[in-house]
file model-v2.csv (CSV, C-alpha atoms)
chain,number,residue,atom,x,y,z
A,1148,MET,CA,0.0,0.0,0.0
A,1149,THR,CA,1.6,3.3,-1.1
A,1150,ALA,CA,1.6,6.3,1.2
A,1151,PHE,CA,0.2,9.7,0.3
A,1152,VAL,CA,2.6,12.5,1.5
A,1153,ARG,CA,2.2,16.2,1.8
A,1154,VAL,CA,3.8,19.1,3.6
A,1155,CYS,CA,1.8,21.8,5.4
A,1156,GLY,CA,3.1,25.1,6.7
A,1157,PRO,CA,2.1,26.8,10.0
A,1158,PRO,CA,-1.6,28.1,9.9
A,1159,ASN,CA,-2.0,31.4,7.9
A,1160,THR,CA,1.7,31.9,7.3
A,1161,ASN,CA,4.4,30.8,4.9
A,1162,PHE,CA,6.7,27.8,5.4
A,1163,LEU,CA,9.6,30.2,5.6
A,1164,VAL,CA,9.9,32.0,9.0
A,1165,GLY,CA,12.5,34.7,9.4
A,1166,TYR,CA,14.6,36.5,6.8
A,1167,PRO,CA,17.4,34.6,5.0
A,1168,GLY,CA,20.6,36.6,5.0
A,1169,ILE,CA,19.7,38.2,8.4
A,1170,SER,CA,21.1,36.0,11.1
A,1171,ALA,CA,19.2,37.7,14.0
A,1172,THR,CA,15.9,36.4,12.6
A,1173,LEU,CA,17.1,32.7,12.6
A,1174,PRO,CA,15.7,31.9,9.1
A,1175,ARG,CA,14.0,28.5,9.1
A,1176,ILE,CA,11.4,26.4,7.4
A,1177,GLU,CA,8.6,25.2,9.7
A,1178,GLY,CA,5.7,22.9,9.1
A,1179,LYS,CA,4.6,19.3,9.4
A,1180,VAL,CA,4.8,16.3,7.1
A,1181,GLU,CA,1.5,14.4,6.8
A,1182,VAL,CA,1.5,10.8,5.8
A,1183,ARG,CA,-1.8,9.0,4.9
A,1184,PRO,CA,-2.9,5.9,3.1
A,1185,GLY,CA,-2.6,6.4,-0.7
A,1186,SER,CA,-6.1,4.9,-1.4
A,1187,GLY,CA,-9.0,4.2,0.8
A,1188,VAL,CA,-9.4,5.6,4.3
A,1189,SER,CA,-8.9,2.7,6.7
A,1190,ALA,CA,-6.3,0.7,4.9
A,1191,PRO,CA,-3.1,1.0,7.1
A,1192,VAL,CA,0.2,1.9,5.4
A,1193,SER,CA,3.6,0.4,6.4
A,1194,ILE,CA,6.2,3.0,7.3
A,1195,SER,CA,9.8,2.3,8.3
A,1196,LEU,CA,11.5,5.7,8.0
A,1197,VAL,CA,10.6,9.4,7.2
A,1198,THR,CA,13.2,12.2,6.7
A,1199,ILE,CA,13.0,15.7,5.3
A,1200,CYS,CA,15.7,18.1,4.0
A,1201,LEU,CA,15.9,21.3,2.0
A,1202,GLN,CA,17.6,20.7,-1.3
A,1203,ARG,CA,19.1,23.3,-3.7
A,1204,ARG,CA,19.2,22.6,-7.4
A,1205,GLU,CA,21.3,24.9,-9.5
A,1206,THR,CA,21.8,24.8,-13.3
A,1207,ILE,CA,23.5,27.0,-15.9
A,1208,HIS,CA,23.4,26.9,-19.7
A,1209,PRO,CA,25.0,30.2,-20.9
A,1210,ALA,CA,24.1,29.4,-24.6
A,1211,ALA,CA,20.4,28.8,-23.9
A,1212,ASP,CA,19.4,32.3,-25.0
A,1213,SER,CA,20.7,31.8,-28.5
A,1214,VAL,CA,18.9,29.4,-30.8
A,1215,THR,CA,22.1,28.6,-32.9
A,1216,LYS,CA,24.5,28.2,-30.1
A,1217,LYS,CA,22.1,26.2,-27.9
A,1218,HIS,CA,22.6,22.9,-29.8
A,1219,LEU,CA,26.4,23.4,-30.3
A,1220,ALA,CA,27.3,24.4,-26.8
A,1221,ALA,CA,28.1,22.1,-23.8
A,1222,PRO,CA,25.0,20.6,-22.1
A,1223,ARG,CA,23.3,22.2,-19.1
A,1224,LYS,CA,25.5,22.0,-16.0
A,1225,GLU,CA,23.7,21.1,-12.8
A,1226,ILE,CA,24.5,20.7,-9.1
A,1227,ILE,CA,22.3,19.4,-6.3
A,1228,ASP,CA,23.1,19.8,-2.6
A,1229,ILE,CA,21.5,19.8,0.8
A,1230,VAL,CA,21.1,23.1,2.6
A,1231,GLY,CA,21.8,22.7,6.3
A,1232,ARG,CA,21.0,19.3,7.6
A,1233,GLU,CA,18.6,16.4,6.9
A,1234,MET,CA,16.1,15.9,9.7
A,1235,LEU,CA,15.0,12.4,10.8
A,1236,LEU,CA,11.2,12.6,11.5
A,1237,PHE,CA,10.3,8.9,12.2
A,1238,ARG,CA,12.1,5.6,12.5
A,1239,CYS,CA,10.3,2.4,13.5
A,1240,PRO,CA,11.7,0.6,16.6
A,1241,ALA,CA,14.7,-1.7,16.4
A,1242,GLY,CA,13.9,-5.2,15.5
A,1243,LYS,CA,10.7,-4.2,13.5
A,1244,GLU,CA,10.7,-3.9,9.8
A,1245,SER,CA,7.9,-1.3,9.7
A,1246,GLU,CA,4.9,0.1,11.6
A,1247,SER,CA,1.4,-0.1,10.2
A,1248,VAL,CA,-0.2,3.3,10.6
A,1249,PHE,CA,-3.4,5.0,9.7
A,1250,SER,CA,-2.0,8.6,9.9
A,1251,MET,CA,1.1,10.5,10.8
A,1252,ASP,CA,1.6,14.2,11.5
A,1253,LEU,CA,5.3,14.9,11.9
A,1254,PRO,CA,6.3,18.5,12.8
A,1255,PHE,CA,9.7,19.7,11.6
A,1256,VAL,CA,11.9,22.8,11.5
A,1257,LEU,CA,14.8,23.1,9.1
A,1258,PHE,CA,17.3,25.9,9.9
A,1259,ILE,CA,18.7,27.7,6.9
A,1260,PRO,CA,22.5,28.5,7.4
A,1261,PHE,CA,23.1,32.1,8.2
A,1262,GLY,CA,26.8,32.2,9.0
A,1263,ARG,CA,29.4,34.1,6.8
A,1264,GLY,CA,31.2,30.8,6.5
A,1265,GLY,CA,33.6,31.7,3.6
A,1266,GLU,CA,34.8,28.5,2.0
A,1267,GLU,CA,32.7,26.4,4.3
A,1268,THR,CA,29.7,25.7,2.0
A,1269,ALA,CA,27.6,24.2,4.7
A,1270,ARG,CA,27.6,27.5,6.7
A,1271,ARG,CA,27.2,29.8,3.7
A,1272,VAL,CA,23.9,31.7,3.4
A,1273,PRO,CA,22.2,30.1,0.4
A,1274,PRO,CA,21.6,32.3,-2.7
A,1275,ALA,CA,18.1,33.5,-3.5
A,1276,SER,CA,15.7,31.6,-5.9
A,1277,LEU,CA,16.2,32.9,-9.4
A,1278,GLN,CA,15.4,31.9,-12.9
A,1279,LEU,CA,16.9,34.0,-15.7
A,1280,ALA,CA,15.3,34.3,-19.1
A,1281,SER,CA,15.7,31.1,-21.3
A,1282,ARG,CA,16.9,29.4,-18.1
A,1283,THR,CA,20.5,30.4,-18.7
A,1284,ALA,CA,20.9,30.2,-14.9
A,1285,GLU,CA,18.6,28.9,-12.2
A,1286,THR,CA,18.6,28.4,-8.5
A,1287,TYR,CA,15.7,26.3,-7.2
A,1288,TYR,CA,14.8,25.0,-3.7
A,1289,GLU,CA,12.6,22.2,-2.7
A,1290,MET,CA,11.7,20.3,0.5
A,1291,VAL,CA,12.4,16.6,-0.1
A,1292,VAL,CA,10.5,14.1,2.1
A,1293,MET,CA,12.0,10.6,1.9
A,1294,VAL,CA,9.7,7.7,2.9
A,1295,GLN,CA,10.9,4.1,3.3
A,1296,GLN,CA,8.0,1.6,3.3
A,1297,GLY,CA,9.3,-1.8,4.5
A,1298,HIS,CA,10.8,-3.7,1.6
A,1299,GLN,CA,9.8,-1.2,-1.1
A,1300,GLU,CA,12.4,1.2,-2.4
A,1301,GLN,CA,12.7,4.6,-0.9
A,1302,LYS,CA,10.2,7.2,-2.3
A,1303,LYS,CA,11.0,10.9,-2.5
A,1304,PHE,CA,8.4,13.6,-2.6
A,1305,ALA,CA,9.5,17.2,-3.5
A,1306,PHE,CA,7.7,20.4,-2.6
A,1307,PRO,CA,9.1,23.7,-4.1
A,1308,VAL,CA,9.9,26.6,-1.7
A,1309,PRO,CA,10.8,30.1,-3.0
A,1310,LEU,CA,13.7,31.6,-1.1
A,1311,SER,CA,14.6,35.3,-1.1
A,1312,ARG,CA,17.6,37.1,0.5
A,1313,TYR,CA,17.2,40.2,2.6
A,1314,ASP,CA,20.8,41.3,3.3
A,1315,THR,CA,20.9,43.7,0.3
A,1316,LEU,CA,18.0,46.0,1.3
A,1317,SER,CA,18.7,49.6,0.4
A,1318,THR,CA,17.4,50.8,3.8
A,1319,PHE,CA,20.4,49.2,5.7
A,1320,GLY,CA,22.9,51.8,7.0
A,1321,MET,CA,25.9,50.3,5.3
A,1322,TYR,CA,24.4,51.0,1.8
A,1323,ASN,CA,23.4,54.6,2.7
A,1324,ARG,CA,27.0,55.9,3.2
A,1325,PRO,CA,28.3,58.0,0.3
A,1326,GLU,CA,30.8,56.1,-2.0
A,1327,SER,CA,33.4,57.9,-4.0
A,1328,ALA,CA,35.9,56.9,-6.6
A,1329,GLU,CA,38.5,58.6,-8.9
A,1330,ARG,CA,40.1,57.7,-12.2
A,1331,VAL,CA,42.9,59.5,-14.2
A,1332,THR,CA,44.1,59.0,-17.8
A,1333,ASP,CA,47.0,60.9,-19.5
A,1334,HIS,CA,47.8,62.6,-16.1
A,1335,LEU,CA,45.8,65.6,-17.4
A,1336,VAL,CA,42.3,65.1,-16.1
A,1337,THR,CA,40.9,63.4,-13.0
A,1338,LEU,CA,37.3,62.0,-13.1
A,1339,GLY,CA,35.8,61.8,-9.6
A,1340,ILE,CA,32.3,60.5,-8.7
A,1341,SER,CA,30.3,60.3,-5.5
A,1342,LEU,CA,27.2,58.2,-4.9
A,1343,PRO,CA,24.9,59.2,-2.0
A,1344,ARG,CA,24.0,55.5,-1.6
A,1345,TRP,CA,24.9,52.3,-3.4
A,1346,SER,CA,22.0,49.8,-3.2
A,1347,TYR,CA,19.2,50.2,-5.6
A,1348,GLY,CA,15.9,48.4,-6.5
A,1349,PRO,CA,13.5,48.6,-9.4
A,1350,LEU,CA,12.5,52.2,-10.4
A,1351,ASP,CA,14.8,53.7,-7.7
A,1352,PRO,CA,16.5,57.0,-8.7
A,1353,VAL,CA,20.2,56.7,-9.2
A,1354,SER,CA,22.0,60.0,-8.9
A,1355,VAL,CA,25.7,60.6,-9.3
A,1356,TYR,CA,27.8,63.7,-8.5
A,1357,ILE,CA,30.5,64.0,-11.1
A,1358,LYS,CA,33.7,66.2,-10.9
A,1359,LEU,CA,36.3,66.6,-13.7
A,1360,SER,CA,39.4,68.4,-12.4
A,1361,PRO,CA,42.6,69.4,-14.3
A,1362,ASN,CA,46.1,68.3,-13.1
A,1363,PRO,CA,47.6,71.6,-11.6
A,1364,ASP,CA,51.1,70.4,-12.7
A,1365,TRP,CA,50.0,70.3,-16.3
A,1366,MET,CA,47.6,73.2,-16.3
A,1367,ASN,CA,48.5,74.6,-19.8
A,1368,LYS,CA,47.8,71.3,-21.4
A,1369,ALA,CA,44.8,70.5,-19.3
A,1370,LYS,CA,43.2,73.9,-20.2
A,1371,ARG,CA,43.1,72.8,-23.9
A,1372,VAL,CA,40.9,69.8,-23.0
A,1373,THR,CA,37.3,70.0,-24.1
A,1374,ILE,CA,34.6,68.0,-22.3
A,1375,ASN,CA,32.3,66.8,-25.2
A,1376,ARG,CA,29.8,64.7,-23.2
A,1377,ILE,CA,29.4,62.6,-20.1
A,1378,THR,CA,27.6,59.2,-20.2
A,1379,ILE,CA,26.4,57.3,-17.2
A,1380,GLY,CA,25.0,53.8,-17.4
A,1381,ILE,CA,24.2,50.6,-15.4
A,1382,ASP,CA,25.9,47.4,-16.5
A,1383,GLU,CA,24.9,43.9,-15.5
A,1384,GLU,CA,27.7,41.3,-15.6
A,1385,ILE,CA,26.8,37.6,-15.3
A,1386,ILE,CA,29.8,35.3,-14.8
A,1387,TYR,CA,28.9,31.7,-15.5
A,1388,ASN,CA,30.9,28.9,-13.8
A,1389,HIS,CA,32.8,31.6,-11.8
A,1390,GLU,CA,34.5,29.1,-9.5
A,1391,GLY,CA,35.4,26.7,-12.4
A,1392,ASP,CA,38.1,26.4,-15.0
A,1393,GLU,CA,36.5,28.4,-17.8
A,1394,PRO,CA,34.4,31.3,-16.5
A,1395,GLN,CA,32.2,32.9,-19.1
A,1396,ARG,CA,31.2,36.6,-18.8
A,1397,LYS,CA,28.2,38.3,-20.3
A,1398,VAL,CA,27.9,42.0,-19.9
A,1399,LYS,CA,24.7,43.9,-20.7
A,1400,THR,CA,23.9,47.6,-20.4
A,1401,LEU,CA,20.5,48.0,-18.7
A,1402,ALA,CA,20.2,51.8,-18.8
A,1403,LYS,CA,22.2,54.8,-20.3
A,1404,GLN,CA,22.0,58.5,-20.0
A,1405,THR,CA,24.2,61.0,-22.0
A,1406,GLN,CA,24.6,64.7,-21.3
A,1407,SER,CA,26.2,66.9,-24.0
A,1408,ILE,CA,28.5,69.5,-22.6
A,1409,ASN,CA,31.0,70.9,-25.2
A,1410,VAL,CA,32.9,73.2,-22.9
A,1411,ARG,CA,36.6,73.8,-22.2
A,1412,LEU,CA,37.8,72.3,-18.9
A,1413,PRO,CA,37.8,75.3,-16.4
A,1414,GLU,CA,40.8,75.7,-14.0
A,1415,ALA,CA,38.5,75.2,-11.1
A,1416,GLY,CA,37.2,71.9,-12.6
A,1417,TYR,CA,33.8,71.0,-14.0
A,1418,PHE,CA,31.0,69.8,-11.6
A,1419,THR,CA,27.6,68.3,-12.5
A,1420,ASN,CA,24.9,66.0,-11.2
A,1421,LEU,CA,23.6,63.2,-13.5
A,1422,GLY,CA,20.8,60.7,-12.7
A,1423,LEU,CA,18.7,57.9,-14.2
A,1424,VAL,CA,16.0,55.6,-13.0
A,1425,PHE,CA,17.0,52.0,-12.3
A,1426,PRO,CA,15.1,50.0,-15.0
A,1427,ALA,CA,12.3,47.6,-13.9
A,1428,LYS,CA,10.7,44.7,-15.8
A,1429,ASP,CA,6.9,45.0,-16.3
A,1430,THR,CA,5.4,41.9,-14.7
A,1431,ARG,CA,2.0,42.5,-16.4
A,1432,ASP,CA,1.1,40.9,-19.7
A,1433,ASN,CA,-0.4,42.6,-22.7
A,1434,GLU,CA,-3.8,42.8,-21.1
A,1435,GLY,CA,-2.4,44.4,-17.9
A,1436,ILE,CA,-2.8,41.2,-15.8
A,1437,ILE,CA,0.0,40.0,-13.5
A,1438,PRO,CA,0.4,36.3,-14.4
A,1439,ARG,CA,0.4,33.7,-11.7
A,1440,GLY,CA,4.0,33.2,-10.7
A,1441,LYS,CA,5.8,29.9,-10.7
A,1442,GLN,CA,5.6,28.2,-7.3
A,1443,ALA,CA,9.4,27.9,-6.9
A,1444,PHE,CA,10.3,31.5,-7.9
A,1445,PRO,CA,9.1,34.7,-6.3
A,1446,LEU,CA,7.7,37.2,-8.8
A,1447,TYR,CA,10.4,39.9,-9.1
A,1448,SER,CA,10.0,43.1,-11.0
A,1449,LEU,CA,13.7,42.8,-12.0
A,1450,SER,CA,15.2,40.3,-14.4
A,1451,ALA,CA,18.0,39.7,-12.0
A,1452,PHE,CA,19.8,41.1,-8.9
A,1453,THR,CA,23.1,40.9,-7.1
A,1454,THR,CA,23.7,37.3,-6.1
A,1455,THR,CA,26.5,34.7,-5.9
A,1456,ALA,CA,25.7,31.1,-6.4
A,1457,SER,CA,28.0,28.1,-6.9
A,1458,LEU,CA,27.7,28.1,-10.7
A,1459,TYR,CA,27.1,31.7,-11.5
A,1460,LYS,CA,27.5,35.2,-10.1
A,1461,ILE,CA,25.6,38.4,-11.0
A,1462,GLU,CA,27.2,41.8,-10.4
A,1463,TYR,CA,26.3,45.4,-11.2
A,1464,TYR,CA,28.4,48.4,-12.1
A,1465,LEU,CA,27.6,52.1,-12.4
A,1466,THR,CA,29.7,53.3,-15.4
A,1467,VAL,CA,30.6,56.9,-15.9
A,1468,LYS,CA,32.5,57.9,-19.1
A,1469,ALA,CA,33.8,61.3,-19.9
A,1470,HIS,CA,34.3,61.8,-23.6
A,1471,LEU,CA,37.1,64.4,-24.1
A,1472,SER,CA,39.0,66.1,-26.9
A,1473,SER,CA,42.8,66.6,-26.6
A,1474,ALA,CA,42.9,63.9,-23.9
A,1475,ARG,CA,41.9,60.3,-23.7
A,1476,ASP,CA,38.4,59.4,-22.6
A,1477,ILE,CA,38.0,58.4,-19.0
A,1478,LEU,CA,35.9,55.4,-17.9
A,1479,LEU,CA,35.1,54.6,-14.3
A,1480,ARG,CA,33.2,51.5,-13.2
A,1481,GLN,CA,31.8,51.6,-9.7
A,1482,PRO,CA,30.3,48.4,-8.2
A,1483,ILE,CA,26.8,48.8,-6.9
A,1484,ILE,CA,24.3,46.4,-5.2
A,1485,VAL,CA,20.9,45.6,-6.8
A,1486,CYS,CA,18.1,44.6,-4.5
A,1487,PRO,CA,14.9,42.8,-5.7
A,1488,LEU,CA,12.8,45.4,-3.7
A,1489,ASP,CA,12.5,49.1,-4.3
A,1490,HIS,CA,13.4,51.6,-1.6
A,1491,ALA,CA,9.8,51.9,-0.4
A,1492,GLY,CA,9.4,48.1,-0.3
A,1493,CYS,CA,12.7,47.9,1.7
A,1494,LYS,CA,11.3,50.4,4.3
A,1495,GLU,CA,8.1,48.3,4.7
A,1496,GLU,CA,10.1,45.2,5.4
A,1497,MET,CA,12.2,46.8,8.2
A,1498,GLU,CA,9.5,46.7,10.8
A,1499,ALA,CA,8.7,43.0,10.0
A,1500,ILE,CA,12.4,42.2,10.2
A,1501,GLU,CA,12.7,43.8,13.7
A,1502,GLN,CA,9.7,41.8,14.8
A,1503,ALA,CA,11.1,38.5,13.4
A,1504,ALA,CA,14.3,39.2,15.3
A,1505,LYS,CA,12.4,39.6,18.5
A,1506,ASP,CA,10.5,36.4,17.9
A,1507,ALA,CA,13.7,34.5,17.0
A,1508,SER,CA,15.3,35.5,20.3
A,1509,HIS,CA,13.0,32.9,22.0
A,1510,VAL,CA,14.0,30.1,19.6
A,1511,ARG,CA,16.9,27.8,20.4
A,1512,PRO,CA,18.5,26.3,17.3
A,1513,ASP,CA,19.8,23.3,19.3
A,1514,ASN,CA,16.3,22.6,20.7
A,1515,PRO,CA,13.5,24.4,18.8
A,1516,MET,CA,10.8,22.8,21.1
A,1517,LEU,CA,8.7,21.2,18.3
A,1518,PRO,CA,5.2,19.8,19.1
A,1519,ALA,CA,5.1,16.0,19.5
A,1520,PRO,CA,4.4,14.0,16.4
A,1521,THR,CA,0.8,12.6,16.1
A,1522,ILE,CA,0.9,8.9,14.9
A,1523,VAL,CA,-2.2,6.7,14.8
A,1524,ARG,CA,-1.0,3.1,14.6
A,1525,MET,CA,-3.3,0.3,13.4
A,1526,ASN,CA,-3.3,-1.4,16.8
A,1527,ASP,CA,-3.9,1.7,18.9
A,1528,TYR,CA,-7.0,1.8,21.1
A,1529,ASN,CA,-9.9,3.4,19.1
A,1530,ALA,CA,-7.5,4.0,16.2
A,1531,LEU,CA,-10.4,4.1,13.7
A,1532,HIS,CA,-11.9,7.0,15.6
A,1533,ALA,CA,-9.1,9.2,14.3
A,1534,LEU,CA,-10.3,8.5,10.8
A,1535,GLY,CA,-13.9,9.2,11.7
A,1536,MET,CA,-14.9,5.5,11.6
A,1537,THR,CA,-15.8,2.8,14.1
A,1538,MET,CA,-16.5,-0.9,14.2
A,1539,VAL,CA,-20.2,-2.0,14.5
A,1540,GLY,CA,-20.1,-5.7,14.9
A,1541,THR,CA,-17.8,-6.8,12.1
A,1542,GLN,CA,-18.4,-3.8,9.8
A,1543,ARG,CA,-16.7,-0.5,9.6
A,1544,LYS,CA,-19.2,2.4,9.8
A,1545,PRO,CA,-18.8,6.2,9.9
A,1546,LEU,CA,-18.5,7.4,13.5
A,1547,ILE,CA,-21.4,9.4,14.8
A,1548,GLU,CA,-20.4,11.1,18.1
call {"tool": "encode", "arguments": {"input": "model-v2.csv", "output": "structure tokens"}}
result
Amino acid sequence: MTAFVRVCGPPNTNFLVGYPGISATLPRIEGKVEVRPGSGVSAPVSISLVTICLQRRETIHPAADSVTKKHLAAPRKEIIDIVGREMLLFRCPAGKESESVFSMDLPFVLFIPFGRGGEETARRVPPASLQLASRTAETYYEMVVMVQQGHQEQKKFAFPVPLSRYDTLSTFGMYNRPESAERVTDHLVTLGISLPRWSYGPLDPVSVYIKLSPNPDWMNKAKRVTINRITIGIDEEIIYNHEGDEPQRKVKTLAKQTQSINVRLPEAGYFTNLGLVFPAKDTRDNEGIIPRGKQAFPLYSLSAFTTTASLYKIEYYLTVKAHLSSARDILLRQPIIVCPLDHAGCKEEMEAIEQAAKDASHVRPDNPMLPAPTIVRMNDYNALHALGMTMVGTQRKPLIE
């Protein structure tokens, strides 16, 4: 008799409790595994072992977005690993092959790693769920319940879980400090930029303070330089197989803004402010309807965001280019962080994160105080009552209280 297995989360909330990437909230997956007979109501099912784990599947296929290269390139590369630890939910007593049960409710909690961990993969914070266009890169999480039924081979039941990361929110203080950088070419002109903050989400304004200053030691030459125009842009760089032998880079410009200037470089330098809006992907279809998202992937209004997985890495740069006459052009690339939520969305999450941290302070990772499992065995007293049935003489009848 095969078992029917499903996973239920806590009432009225998601499986995922806490905020992955923020250690104070003790990110974890809570719920219970329900095991029932596969067919019929009162036919018992034999169970020897039940375990659950959170599994991450990651795939890359850099050529998938090109019809011609797709068939000629190397096949899709995939890795599968367990996040954190596997949890044993039930094992039948020693000396017994299996237990005959009518129903099982097995509570569980799977802690998601939240340590910085460096090279130690088991402690690293797992990357967010993401599926790029044409599935060139994908990170996918699922809860996998393994059930052993006596002699039968082990059966696995997978339930997708979307996982987001919250350590790149633009409301965190570390991203709200001004960042500045300088670049020189020809020793004549110095390009300096300053960013008021450096984490952005969809439709967030990106403003850059730009300064072009002449080299005082070469003032006569520097004064001949003409500033033709200044271009600012946002580049997305995806590095496939970044830890492997042959990393493959793909750079795409997401947004660009050019300002024509055509002035000689003044002795005091040239100052300007340039800005653009971080591009967002429209999640609605032609009829203005937001399509139902895939269960394993949250619906982002960005095509991608800053993330580092095992097989791929996505980085963003703000590029500023000064086009000059009588001197070489100057290009400056400043790394920025891209967050899946806009600034307003990040603000809304802050209160919930603080509350989650308060709630997590009462949870002990070594002993999370789970409720006891509820198992109705075939030989238990009044076992049929749990199924809403009873014996009347030699017949099974619905139980009328």
call {"tool": "closest_atom_pairs", "arguments": {"input": "model-v2.csv", "of": "range 1266-1308 of chain A", "to": "range 1314-1332 of chain A", "cutoff": "12 Å", "atoms": "all atoms listed in the file", "output": "tab-separated table"}}
result
residue	atom	partner	partner_atom	distance
A:Val1272	CA	A:Asp1314	CA	10.1
A:Pro1273	CA	A:Asp1314	CA	11.7
A:Pro1274	CA	A:Asp1314	CA	10.8
A:Ala1275	CA	A:Asp1314	CA	10.7
call {"tool": "closest_residue", "arguments": {"input": "model-v2.csv", "among": "A:His1334, A:Glu1289, A:Pro1394, A:Ala1427", "to": "Gln1442 in chain A", "atoms": "only C-alpha atoms"}}
result
A:Glu1289
call {"tool": "residues_around", "arguments": {"input": "model-v2.csv", "residues": "Lys1544 in chain A", "least_positions_apart": "3", "cutoff": "12 Å", "atoms": "all atoms listed in the file", "output": "PyMOL selection string"}}
result
chain A and resi 1188-1189+1531-1532+1534-1541+1547
call {"tool": "atom_distance", "arguments": {"input": "model-v2.csv", "atom1": "CA of Arg1344 in chain A", "atom2": "CA of Leu1449 in chain A"}}
result
19.4 Å
call {"tool": "closest_residue", "arguments": {"input": "model-v2.csv", "among": "A:Met1366, A:Ile1522, A:Asp1351, A:Ile1227", "to": "Cys1493 in chain A", "atoms": "only C-alpha atoms"}}
result
A:Asp1351
call {"tool": "atom_distance", "arguments": {"input": "model-v2.csv", "atom1": "CA of Glu1300 in chain A", "atom2": "CA of Thr1149 in chain A"}}
result
11.1 Å
call {"tool": "atom_distance", "arguments": {"input": "model-v2.csv", "atom1": "CA of Ser1250 in chain A", "atom2": "CA of Leu1163 in chain A"}}
result
24.9 Å
call {"tool": "closest_residue", "arguments": {"input": "model-v2.csv", "among": "A:Glu1501, A:Glu1462, A:Glu1233, A:Glu1414", "to": "Arg1371 in chain A", "atoms": "only C-alpha atoms"}}
result
A:Glu1414
call {"tool": "closest_atom_pairs", "arguments": {"input": "model-v2.csv", "of": "range 1150-1189 of chain A", "to": "range 1301-1312 of chain A", "cutoff": "12 Å", "atoms": "all atoms listed in the file", "output": "JSON lines"}}
result
{"residue": "A:Ala1150", "atom": "CA", "partner": "A:Lys1302", "partner_atom": "CA", "distance": 9.3}
{"residue": "A:Phe1151", "atom": "CA", "partner": "A:Phe1304", "partner_atom": "CA", "distance": 9.5}
{"residue": "A:Val1152", "atom": "CA", "partner": "A:Phe1304", "partner_atom": "CA", "distance": 7.2}
{"residue": "A:Arg1153", "atom": "CA", "partner": "A:Phe1304", "partner_atom": "CA", "distance": 8.0}
{"residue": "A:Val1154", "atom": "CA", "partner": "A:Phe1306", "partner_atom": "CA", "distance": 7.4}
{"residue": "A:Cys1155", "atom": "CA", "partner": "A:Phe1306", "partner_atom": "CA", "distance": 10.0}
{"residue": "A:Gly1156", "atom": "CA", "partner": "A:Val1308", "partner_atom": "CA", "distance": 10.9}
{"residue": "A:Asn1161", "atom": "CA", "partner": "A:Val1308", "partner_atom": "CA", "distance": 9.6}
{"residue": "A:Phe1162", "atom": "CA", "partner": "A:Val1308", "partner_atom": "CA", "distance": 7.9}
{"residue": "A:Leu1163", "atom": "CA", "partner": "A:Leu1310", "partner_atom": "CA", "distance": 8.0}
{"residue": "A:Val1164", "atom": "CA", "partner": "A:Leu1310", "partner_atom": "CA", "distance": 10.8}
{"residue": "A:Gly1165", "atom": "CA", "partner": "A:Arg1312", "partner_atom": "CA", "distance": 10.5}
{"residue": "A:Tyr1166", "atom": "CA", "partner": "A:Arg1312", "partner_atom": "CA", "distance": 7.0}
{"residue": "A:Pro1167", "atom": "CA", "partner": "A:Arg1312", "partner_atom": "CA", "distance": 5.2}
{"residue": "A:Gly1168", "atom": "CA", "partner": "A:Arg1312", "partner_atom": "CA", "distance": 5.4}
{"residue": "A:Ile1169", "atom": "CA", "partner": "A:Arg1312", "partner_atom": "CA", "distance": 8.2}
{"residue": "A:Ser1170", "atom": "CA", "partner": "A:Arg1312", "partner_atom": "CA", "distance": 11.2}
{"residue": "A:Pro1174", "atom": "CA", "partner": "A:Arg1312", "partner_atom": "CA", "distance": 10.2}
{"residue": "A:Arg1175", "atom": "CA", "partner": "A:Leu1310", "partner_atom": "CA", "distance": 10.7}
{"residue": "A:Ile1176", "atom": "CA", "partner": "A:Val1308", "partner_atom": "CA", "distance": 9.2}
{"residue": "A:Glu1177", "atom": "CA", "partner": "A:Val1308", "partner_atom": "CA", "distance": 11.6}
{"residue": "A:Val1180", "atom": "CA", "partner": "A:Phe1304", "partner_atom": "CA", "distance": 10.7}
{"residue": "A:Glu1181", "atom": "CA", "partner": "A:Phe1304", "partner_atom": "CA", "distance": 11.7}
{"residue": "A:Val1182", "atom": "CA", "partner": "A:Phe1304", "partner_atom": "CA", "distance": 11.2}
call {"tool": "write_last_selection", "arguments": {"input": "model-v2.csv", "atoms": "C-alpha atoms", "output": "compact mmCIF listing (two decimals), in the coordinates of the input"}}
result
# COMPACT_ATOMS: atom_id res chain seq x y z
CA ALA A 1150 1.60 6.30 1.20
CA PHE A 1151 0.20 9.70 0.30
CA VAL A 1152 2.60 12.50 1.50
CA ARG A 1153 2.20 16.20 1.80
CA VAL A 1154 3.80 19.10 3.60
CA CYS A 1155 1.80 21.80 5.40
CA GLY A 1156 3.10 25.10 6.70
CA ASN A 1161 4.40 30.80 4.90
CA PHE A 1162 6.70 27.80 5.40
CA LEU A 1163 9.60 30.20 5.60
CA VAL A 1164 9.90 32.00 9.00
CA GLY A 1165 12.50 34.70 9.40
CA TYR A 1166 14.60 36.50 6.80
CA PRO A 1167 17.40 34.60 5.00
CA GLY A 1168 20.60 36.60 5.00
CA ILE A 1169 19.70 38.20 8.40
CA SER A 1170 21.10 36.00 11.10
CA PRO A 1174 15.70 31.90 9.10
CA ARG A 1175 14.00 28.50 9.10
CA ILE A 1176 11.40 26.40 7.40
CA GLU A 1177 8.60 25.20 9.70
CA VAL A 1180 4.80 16.30 7.10
CA GLU A 1181 1.50 14.40 6.80
CA VAL A 1182 1.50 10.80 5.80
call {"tool": "residues_near_point", "arguments": {"input": "model-v2.csv", "point": "(25.9, 40.3, -16.9)", "cutoff": "8 Å", "atoms": "only C-alpha atoms", "output": "PyMOL selection string"}}
result
chain A and resi 1382-1386+1396-1399+1461-1463
call {"tool": "decode", "arguments": {"input": "model-v2.csv", "residues": "range 1175-1179 of chain A", "atoms": "C-alpha atoms", "output": "short mmCIF file (atom, residue, chain, number, x, y, z; two decimals), in the first residue's frame"}}
result
data_model
loop_
_atom_site.label_atom_id
_atom_site.label_comp_id
_atom_site.auth_asym_id
_atom_site.auth_seq_id
_atom_site.Cartn_x
_atom_site.Cartn_y
_atom_site.Cartn_z
CA ARG A 1175 14.01 28.53 9.11
CA ILE A 1176 11.35 26.42 7.43
CA GLU A 1177 8.59 25.21 9.72
CA GLY A 1178 5.70 22.88 9.09
CA LYS A 1179 4.60 19.29 9.37
#
